[in-house]
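target_28.txt (compact mmCIF, C-alpha atoms) appears below.
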```txt
# COMPACT_ATOMS: atom_id res chain seq x y z
CA MET K 1 0.00 0.00 0.00
CA GLU K 2 1.74 3.15 -1.28
CA SER K 3 -1.06 5.75 -1.40
CA ILE K 4 -4.17 6.33 0.68
CA VAL K 5 -7.09 8.77 0.40
CA ILE K 6 -9.08 8.98 3.61
CA PRO K 7 -12.76 9.52 2.78
CA SER K 8 -14.50 12.78 3.68
CA GLY K 9 -16.52 12.55 6.85
CA VAL K 10 -13.88 10.76 8.89
CA ALA K 11 -13.32 12.79 12.09
CA THR K 12 -10.51 10.90 13.77
CA ILE K 13 -7.53 8.91 12.57
CA GLU K 14 -7.36 6.43 15.40
CA TYR K 15 -4.46 5.08 17.42
CA SER K 16 -1.86 3.22 15.30
CA THR K 17 -4.15 3.19 12.24
CA PHE K 18 -1.31 3.21 9.73
CA GLU K 19 1.56 2.22 12.01
CA ASN K 20 4.29 0.23 10.27
CA CYS K 21 2.85 0.82 6.79
CA SER K 22 6.41 0.78 5.56
CA SER K 23 5.51 1.18 1.84
CA LEU K 24 3.19 4.16 2.32
CA THR K 25 4.55 7.19 0.41
CA SER K 26 1.54 9.57 0.36
CA ILE K 27 -1.74 10.13 2.10
CA LYS K 28 -4.57 12.64 1.67
CA ILE K 29 -6.36 13.70 4.85
CA PRO K 30 -9.80 15.35 4.45
CA SER K 31 -10.79 18.57 6.22
CA SER K 32 -13.35 16.63 8.27
CA VAL K 33 -10.53 15.16 10.40
CA THR K 34 -10.11 16.94 13.74
CA SER K 35 -7.65 14.59 15.45
CA ILE K 36 -4.69 12.50 14.37
CA GLY K 37 -4.34 9.79 16.98
CA SER K 38 -1.29 8.51 18.81
CA SER K 39 1.16 6.57 16.61
CA ALA K 40 -1.24 6.98 13.67
CA PHE K 41 1.60 7.02 11.13
CA ARG K 42 4.36 5.69 13.31
CA ASP K 43 7.18 3.93 11.42
CA CYS K 44 5.81 4.84 7.99
CA SER K 45 9.40 4.90 6.85
CA GLU K 46 8.70 5.77 3.17
CA LEU K 47 6.24 8.62 3.81
CA GLU K 48 7.81 11.71 2.24
CA SER K 49 5.25 14.51 2.63
CA ILE K 50 1.95 15.29 4.24
CA VAL K 51 -0.60 18.11 4.39
CA ILE K 52 -2.52 18.52 7.63
CA PRO K 53 -5.82 20.27 6.77
CA ASN K 54 -7.61 23.13 8.50
CA GLY K 55 -9.96 20.95 10.51
CA VAL K 56 -7.26 19.20 12.54
CA ILE K 57 -7.00 20.48 16.12
CA THR K 58 -4.80 17.85 17.76
CA ILE K 59 -1.82 15.85 16.54
CA CYS K 60 -1.34 13.23 19.23
CA ASP K 61 1.76 11.60 20.69
CA TYR K 62 4.08 9.72 18.31
CA ALA K 63 1.79 10.45 15.35
CA PHE K 64 4.69 10.62 12.87
CA TYR K 65 7.35 8.99 15.00
CA ASN K 66 10.24 7.51 13.03
CA CYS K 67 8.98 8.64 9.63
CA SER K 68 12.57 8.88 8.50
CA LYS K 69 11.89 10.08 4.93
CA LEU K 70 9.32 12.70 5.86
CA ALA K 71 10.83 15.88 4.40
CA SER K 72 7.80 18.16 4.02
CA ILE K 73 4.95 18.90 6.41
CA ASN K 74 2.29 21.52 5.84
CA ILE K 75 0.35 22.20 9.04
CA SER K 76 -2.71 24.36 8.42
CA ASN K 77 -4.21 26.91 10.82
CA GLY K 78 -6.41 25.37 13.44
CA VAL K 79 -3.96 22.94 15.06
CA VAL K 80 -3.71 23.70 18.77
CA THR K 81 -1.71 20.79 20.15
CA ILE K 82 1.36 18.92 18.89
CA GLY K 83 1.88 15.94 21.15
CA ASN K 84 4.89 14.26 22.70
CA SER K 85 7.43 12.77 20.26
CA THR K 86 5.12 13.63 17.37
CA PHE K 87 7.94 14.10 14.84
CA GLU K 88 10.72 12.32 16.71
CA ASN K 89 13.34 10.76 14.43
CA CYS K 90 11.97 12.46 11.31
CA SER K 91 15.56 12.71 10.17
CA SER K 92 14.80 14.08 6.66
CA LEU K 93 12.69 17.01 7.86
CA THR K 94 14.52 20.26 7.01
CA SER K 95 11.94 22.90 7.96
CA ILE K 96 8.45 23.22 9.34
CA GLU K 97 6.06 26.13 9.67
CA ILE K 98 4.00 25.85 12.82
CA PRO K 99 0.80 27.96 12.72
CA ASN K 100 0.12 30.60 15.36
CA THR K 101 -2.90 28.62 16.54
CA VAL K 102 -0.57 26.12 18.25
CA THR K 103 -0.30 26.70 22.01
CA SER K 104 1.27 23.42 23.13
CA ILE K 105 4.25 21.46 21.79
CA GLY K 106 4.94 18.25 23.69
CA TYR K 107 8.21 16.92 25.02
CA GLU K 108 10.57 15.35 22.47
CA ALA K 109 8.27 16.60 19.70
CA PHE K 110 11.20 17.15 17.32
CA TYR K 111 13.75 14.91 19.00
CA ASN K 112 16.54 13.91 16.60
CA CYS K 113 15.18 15.80 13.61
CA SER K 114 18.79 15.95 12.55
CA ALA K 115 18.24 17.76 9.21
CA LEU K 116 16.00 20.50 10.66
CA THR K 117 17.62 23.87 9.95
CA SER K 118 14.86 26.26 11.01
CA ILE K 119 11.64 26.30 12.94
CA ASN K 120 9.29 28.94 14.29
CA ILE K 121 7.79 28.79 17.75
CA PRO K 122 4.30 30.35 17.77
CA SER K 123 3.54 33.27 20.06
CA GLY K 124 0.90 31.29 21.96
CA VAL K 125 3.36 28.72 23.30
CA THR K 126 4.28 29.32 26.95
CA LYS K 127 6.69 26.44 27.58
CA ILE K 128 9.26 24.55 25.55
CA GLU K 129 9.11 21.10 27.05
CA LYS K 130 12.03 18.85 27.96
CA ARG K 131 14.09 17.45 25.09
CA THR K 132 11.81 19.09 22.50
CA PHE K 133 14.67 19.80 20.08
CA ASN K 134 17.22 17.29 21.34
CA TYR K 135 19.85 16.49 18.71
CA CYS K 136 18.47 18.81 16.04
CA ARG K 137 22.06 19.02 14.83
CA SER K 138 21.40 21.25 11.82
CA LEU K 139 19.40 23.90 13.66
CA THR K 140 21.40 27.13 13.35
CA SER K 141 19.22 29.72 15.09
CA ILE K 142 16.15 29.93 17.23
CA GLU K 143 14.03 32.87 18.34
CA VAL K 144 11.96 32.19 21.41
CA PRO K 145 8.79 34.34 21.56
CA SER K 146 7.97 36.55 24.53
CA SER K 147 5.09 34.26 25.50
CA VAL K 148 7.54 31.56 26.61
CA THR K 149 8.38 31.70 30.31
CA GLU K 150 10.00 28.28 30.74
CA ILE K 151 12.36 26.02 28.81
CA GLY K 152 12.59 22.42 29.98
CA ASP K 153 15.53 20.15 30.76
CA TYR K 154 17.75 19.25 27.79
CA ALA K 155 15.38 21.12 25.46
CA PHE K 156 18.14 21.92 22.94
CA ASN K 157 20.75 19.35 24.00
CA GLY K 158 23.09 18.39 21.17
CA CYS K 159 22.06 21.17 18.78
CA ILE K 160 25.67 21.46 17.66
CA GLY K 161 24.83 23.79 14.75
CA LEU K 162 23.02 26.32 16.97
CA LYS K 163 25.05 29.53 16.67
CA LYS K 164 22.54 32.24 17.59
CA LEU K 165 20.01 32.28 20.39
CA GLU K 166 17.51 34.99 21.33
CA LEU K 167 15.58 34.58 24.56
CA PRO K 168 12.80 36.92 25.75
CA SER K 169 13.48 39.26 28.65
CA ASN K 170 10.57 37.83 30.68
CA LEU K 171 11.81 34.23 30.53
CA THR K 172 11.96 33.02 34.13
CA ASN K 173 13.29 29.47 34.04
CA ILE K 174 15.66 27.39 31.96
CA GLY K 175 15.85 23.73 32.90
CA TYR K 176 18.86 21.54 33.57
CA ASN K 177 21.33 21.39 30.66
CA ALA K 178 18.80 22.96 28.31
CA PHE K 179 21.56 24.13 25.96
CA ILE K 180 24.31 21.64 26.73
CA ASN K 181 26.42 20.41 23.81
CA CYS K 182 25.50 23.41 21.67
CA SER K 183 27.89 25.79 19.91
CA ILE K 184 26.18 29.10 20.67
CA GLU K 185 28.30 32.08 19.66
CA THR K 186 25.76 34.91 19.93
CA ALA K 187 23.15 35.04 22.68
CA ILE K 188 20.55 37.58 23.77
CA VAL K 189 19.50 36.68 27.31
CA PRO K 190 18.17 38.23 30.56
CA THR K 191 20.50 38.51 33.56
CA ALA K 192 18.76 35.85 35.65
CA LEU K 193 19.59 33.15 33.12
CA LEU K 194 23.21 33.97 32.32
CA THR K 195 24.50 30.83 34.04
CA LYS K 196 22.30 28.66 31.84
CA ILE K 197 24.04 29.67 28.60
CA THR K 198 27.74 28.84 28.42
CA GLY K 199 30.56 29.29 25.94
CA VAL K 200 29.06 32.39 24.34
CA LYS K 201 31.32 34.76 22.37
CA HIS K 202 28.94 37.67 21.75
CA LEU K 203 26.46 38.49 24.48
CA VAL K 204 23.56 40.92 24.74
CA ILE K 205 21.81 41.22 28.11
CA ASN K 206 18.21 42.20 27.51
CA GLY K 207 16.44 41.74 30.83
CA GLY K 208 16.83 41.98 34.60
CA LYS K 209 17.86 44.90 36.79
CA SER K 210 21.25 43.77 38.05
CA ILE K 211 24.26 41.57 37.45
CA ASP K 212 24.91 40.52 41.02
CA ASP K 213 27.19 37.47 40.96
CA TYR K 214 30.66 37.63 39.48
CA TYR K 215 30.80 33.82 39.28
CA THR K 216 28.33 34.16 36.39
CA PHE K 217 31.18 35.07 34.08
CA TYR K 218 34.15 33.70 36.00
CA TYR K 219 32.87 30.15 35.70
CA TYR K 220 30.34 30.16 32.86
CA ASN K 221 31.17 32.76 30.23
CA ASN K 222 34.70 34.04 30.73
CA GLY K 223 35.36 33.51 27.01
CA ILE K 224 33.03 36.29 25.83
CA GLU K 225 34.48 38.62 23.19
CA SER K 226 31.85 41.35 23.03
CA LEU K 227 29.24 42.54 25.48
CA GLU K 228 26.22 44.82 25.22
CA ILE K 229 24.09 45.54 28.28
CA GLN K 230 20.71 47.10 27.57
CA ASP K 231 19.10 49.82 29.66
CA CYS K 232 17.04 47.46 31.82
CA VAL K 233 20.17 46.90 33.95
CA THR K 234 20.90 49.49 36.65
CA SER K 235 23.72 47.87 38.63
CA ILE K 236 26.72 45.61 38.09
CA CYS K 237 28.42 43.89 40.99
CA GLU K 238 32.11 44.07 41.82
CA LYS K 239 34.37 41.74 39.79
CA ALA K 240 31.50 41.07 37.37
CA PHE K 241 33.70 40.68 34.28
CA MET K 242 37.04 40.11 35.97
CA TYR K 243 39.24 37.62 34.08
CA CYS K 244 37.21 37.86 30.86
CA ARG K 245 40.50 37.82 29.03
CA LYS K 246 39.01 37.60 25.51
CA LEU K 247 36.59 40.50 25.94
CA THR K 248 37.40 43.18 23.34
CA SER K 249 34.45 45.59 23.37
CA VAL K 250 31.76 46.67 25.82
CA ILE K 251 28.65 48.85 25.53
CA LEU K 252 27.08 49.91 28.82
CA PRO K 253 23.68 51.58 29.24
CA ASP K 254 23.20 55.07 30.64
CA THR K 255 21.25 53.51 33.52
CA ILE K 256 24.55 52.44 35.14
CA THR K 257 25.84 55.10 37.56
CA ASN K 258 28.67 53.18 39.21
CA ILE K 259 31.39 50.84 38.00
CA GLY K 260 32.47 48.89 41.06
CA ASN K 261 35.76 47.49 42.24
CA ASN K 262 37.52 45.15 39.78
CA THR K 263 34.54 45.15 37.42
CA PHE K 264 36.69 44.83 34.28
CA SER K 265 40.01 44.01 35.91
CA LEU K 266 42.28 41.72 33.89
CA CYS K 267 40.25 42.05 30.70
CA GLU K 268 43.49 41.92 28.80
CA SER K 269 41.98 42.11 25.30
CA LEU K 270 39.62 45.02 25.98
CA THR K 271 40.30 47.75 23.43
CA SER K 272 37.18 49.87 23.69
CA ILE K 273 34.36 50.59 26.10
CA LYS K 274 31.58 53.17 26.05
CA LEU K 275 31.02 54.47 29.56
CA PRO K 276 27.51 55.56 30.60
CA SER K 277 26.76 59.27 30.37
CA LYS K 278 25.38 59.30 33.94
CA LEU K 279 28.32 57.48 35.53
CA THR K 280 29.42 59.08 38.80
CA SER K 281 32.17 56.82 40.10
CA ILE K 282 34.83 54.41 38.85
CA GLY K 283 35.80 51.92 41.56
CA ASN K 284 39.10 50.54 42.77
CA ASP K 285 40.87 48.44 40.10
CA ALA K 286 37.85 48.86 37.84
CA PHE K 287 40.00 48.63 34.70
CA SER K 288 43.32 47.54 36.15
CA ASN K 289 45.44 45.35 33.89
CA CYS K 290 43.34 46.10 30.81
CA SER K 291 46.59 46.08 28.90
CA SER K 292 45.05 46.53 25.42
CA LEU K 293 42.89 49.53 26.30
CA GLU K 294 44.15 52.44 24.18
CA SER K 295 41.68 55.18 25.01
CA ILE K 296 38.68 55.84 27.17
CA GLU K 297 36.35 58.79 27.54
CA ILE K 298 35.42 59.57 31.12
CA PRO K 299 31.97 61.20 31.20
CA SER K 300 31.56 64.68 32.69
CA SER K 301 29.31 63.20 35.39
CA VAL K 302 32.15 61.24 37.08
CA THR K 303 33.29 62.63 40.43
CA SER K 304 35.70 59.96 41.68
CA ILE K 305 38.31 57.64 40.19
CA GLY K 306 39.26 54.88 42.61
CA ASN K 307 42.54 53.34 43.70
CA SER K 308 44.37 51.62 40.82
CA ALA K 309 41.33 52.23 38.61
CA PHE K 310 43.45 52.20 35.44
CA SER K 311 46.61 50.69 36.85
CA ASN K 312 48.75 48.82 34.33
CA CYS K 313 46.71 49.89 31.31
CA SER K 314 49.95 49.82 29.40
CA SER K 315 48.44 50.72 26.00
CA LEU K 316 46.48 53.73 27.26
CA GLU K 317 47.83 56.69 25.32
CA SER K 318 45.58 59.49 26.45
CA ILE K 319 43.12 60.28 29.19
CA GLU K 320 40.98 63.35 29.65
CA ILE K 321 39.95 63.96 33.23
CA PRO K 322 36.73 66.01 33.22
CA SER K 323 36.18 69.00 35.49
CA SER K 324 33.53 67.05 37.42
CA VAL K 325 36.22 64.82 39.03
CA THR K 326 37.13 65.74 42.61
CA SER K 327 39.04 62.63 43.70
CA ILE K 328 41.74 60.44 42.14
CA GLY K 329 42.84 57.42 44.18
CA ASN K 330 46.19 55.84 44.99
CA TYR K 331 47.94 54.31 41.96
CA ALA K 332 44.96 55.33 39.80
CA PHE K 333 47.03 55.54 36.59
CA SER K 334 50.19 53.76 37.69
CA LYS K 335 52.12 51.79 35.06
CA CYS K 336 50.20 53.45 32.21
CA SER K 337 53.47 53.40 30.33
CA SER K 338 52.07 54.72 27.04
CA LEU K 339 50.37 57.75 28.56
CA THR K 340 51.88 60.82 26.93
CA ARG K 341 49.92 63.76 28.33
CA ILE K 342 48.25 64.34 31.67
CA GLU K 343 46.07 67.32 32.52
CA ILE K 344 44.40 67.71 35.91
CA PRO K 345 41.49 70.15 36.31
CA SER K 346 41.15 72.47 39.28
CA SER K 347 38.08 70.54 40.47
CA VAL K 348 40.34 67.76 41.78
CA THR K 349 40.82 68.26 45.52
CA ILE K 350 42.19 64.81 46.39
CA ILE K 351 44.91 62.76 44.72
CA GLY K 352 46.34 59.68 46.41
CA SER K 353 49.94 58.51 46.47
CA TYR K 354 51.70 57.17 43.38
CA ALA K 355 48.76 58.14 41.15
CA PHE K 356 51.02 58.27 38.06
CA PHE K 357 53.73 55.89 39.23
CA GLU K 358 55.84 54.28 36.49
CA CYS K 359 54.23 56.29 33.74
CA GLN K 360 56.84 57.64 31.34
CA ARG K 361 58.47 60.75 32.79
CA GLN K 362 56.70 63.90 31.61
CA THR K 363 55.24 67.25 32.56
CA ILE K 364 51.86 67.06 34.31
CA TYR K 365 49.69 70.10 33.64
CA CYS K 366 47.60 71.24 36.62
CA GLU K 367 45.00 74.01 36.58
CA ALA K 368 45.52 74.59 40.31
CA GLY K 369 48.00 77.34 41.11
CA SER K 370 49.76 75.17 43.69
CA LYS K 371 49.41 71.76 45.29
CA PRO K 372 46.02 71.46 47.03
CA SER K 373 46.17 70.25 50.61
CA GLY K 374 44.29 67.06 49.76
CA TRP K 375 46.93 65.88 47.30
CA ASP K 376 49.39 63.36 48.70
CA ASP K 377 53.01 64.51 48.76
CA ASP K 378 53.97 61.53 46.59
CA TRP K 379 51.11 61.83 44.11
CA TYR K 380 53.47 62.55 41.20
CA ILE K 381 56.28 60.04 41.79
CA TYR K 382 57.16 58.20 38.59
CA PHE K 383 60.00 55.95 39.80
CA ILE K 384 61.76 54.69 42.93
CA LEU K 385 65.32 53.42 42.70
CA SER K 386 65.26 50.01 44.39
CA SER K 387 68.88 50.07 45.50
CA SER K 388 68.64 53.35 47.40
CA GLY K 389 64.92 54.09 47.69
CA GLU K 390 65.53 57.42 46.00
CA LYS K 391 62.32 58.89 44.53
CA TYR K 392 62.00 60.50 41.12
CA TYR K 393 59.14 62.84 40.31
CA HIS K 394 57.34 64.07 37.23
CA THR K 395 57.65 67.74 36.36
CA VAL K 396 54.55 69.76 37.25
CA GLU K 397 53.28 72.92 35.59
CA TRP K 398 50.97 74.77 37.99
CA GLY K 399 48.32 77.25 36.88
CA TYR K 400 47.94 75.66 33.48
CA GLU K 401 45.04 77.01 31.46
CA ALA K 402 43.43 74.35 29.31
CA SER K 403 42.59 75.41 25.79
```

Final structure tokens representation of the file:
Amino acid sequence: MESIVIPSGVATIEYSTFENCSSLTSIKIPSSVTSIGSSAFRDCSELESIVIPNGVITICDYAFYNCSKLASINISNGVVTIGNSTFENCSSLTSIEIPNTVTSIGYEAFYNCSALTSINIPSGVTKIEKRTFNYCRSLTSIEVPSSVTEIGDYAFNGCIGLKKLELPSNLTNIGYNAFINCSIETAIVPTALLTKITGVKHLVINGGKSIDDYYTFYYYNNGIESLEIQDCVTSICEKAFMYCRKLTSVILPDTITNIGNNTFSLCESLTSIKLPSKLTSIGNDAFSNCSSLESIEIPSSVTSIGNSAFSNCSSLESIEIPSSVTSIGNYAFSKCSSLTRIEIPSSVTIIGSYAFFECQRQTIYCEAGSKPSGWDDDWYIYFILSSSGEKYYHTVEWGYEAS
């Protein structure tokens, strides 16, 4: 039996009706059918295509299980439920358009659809069940709609071709190993789920108010290369991106007002970062040992630069300290060996010791007419001779008028 036409008037294709019809290549389903029963076409290994008409509401569990040659499926509007393992092991299926009427997709529904390259998830679906897309090895991208609030265990396990992932900002739960054994390079995810996505190179954070655990990146995503944080985030914890040694570029939102201690410390590949326009403080060691950072613009809202904030930024060639700054900490710019010009506005009332230590010897231009009382006596040391302890100082030009 190679071809079947189901007569009009039939309402249900019952359980296992055509199971193991291994010679069946085509079938015509009438619009009178409202339900395709469990295992109805299971193991129809020669079935190549099928059209599911408008009348069908439910496609039950295992309905097309192991239809290994099924390459084309047309699901018409009206289907509400796709059951468990419905298309499991349909290894020839390359794409499928799921209508927006679908609100439920069962677990393992597309398990081992190894040729599937793209699929849409309708906006009425609220949960992606466990192992739904397990071993869909050819799937390259997936956009999860904002209606989805939960993704089950192992949902995308083994999707080795998955390079781009976009998750909605209101997603609240990702199950155990949902994206294990994937190769995700670009991810758009909310803050609460950062530990669930690992190995990402390009990251956009699109939801949540704070990044509050530095282990998020230290253990899970310390290989990121670019980072964009959207304006939903208002705070970033200390050490948040410390040791992200491959991170090259960062975009921060204007909602961030403080960069805490060690936030970007030891980001050795960081070459550029856009600081928020409303930033008021840069914490201790915030950018220390960012040895590839060549330039940075400090916003005019910043009032304090912490201890060792830019220490050992050996590629930093220029820095403009705005007139809003009142305090510069100990060692703030120490070992910035490429820094060629330093100007300090008259607004600065405090400078800690060794602020420009081991920078190349130069003239420091200060708007103040003389050393303010809050400046440490050793603020402008550039070198100490180890054998004798003798101190060497930069030259200072007082009363400098900036152009």

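Here CA of Pro372 in chain K and CA of Pro322 in chain K stand 17.5 Å from one another.
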
Between CA of Ile381 in chain K and CA of Ser269 in chain K lies a distance of 28.2 Å

Review point. Out of K:Cys136, K:Ile96, K:Ser300, K:Ala192, which residue has the shortest atom-to-atom distance to Ile119 in chain K when counting only C-alpha atoms?
Key: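 Result for the nearest residue to Ile119 in chain K: K:Ile96.
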
Residues within 8 Å of Gly55 in chain K, please, as a VMD selection string. Count all atoms listed in the file; anything in the same chain fewer than 4 positions from it doesn't count. chain K and resid 31 to 34 78 to 79

Practice item. Please identify all polymer residues within 8 Å of Trp379 in chain K, counting all atoms listed in the file, omitting same-chain residues fewer than 4 positions from it, and present them as a PyMOL selection string. Key: chain K and resi 330+351-356+375

Next on the checklist: Please determine, counting only C-alpha atoms, which residue among K:Leu266, K:Val200, K:Ala115, K:Leu247 has the shortest atom-to-atom distance to Leu93 in chain K.
Outcome noted: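 The answer is K:Ala115, which sits nearest to Leu93 in chain K.
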
Judged by all atoms listed in the file, the minimum distance to Ser281 in chain K among K:Gly199, K:Gly369, K:Gly329, K:Gly106 is found for K:Gly329

For this session: Might you pull out every residue within 8 Å of Ile342 in chain K, with only C-alpha atoms counted and same-chain residues fewer than 3 positions away left off, and present them as a ChimeraX atom specification?
Result: /K:318-320,339,363-365

Can you pull out every residue within 10 Å of Phe87 in chain K, counting all atoms listed in the file, but drop anything in the same chain fewer than 6 positions away, and send it as a PyMOL selection string? chain K and resi 42+61-68+70+93+108-113+132

Under the rule that only C-alpha atoms are counted, which of K:Asn74, K:Glu143, K:Pro30, K:Ile13 is the nearest residue to Thr58 in chain K?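 The closest residue to Thr58 in chain K is K:Ile13.
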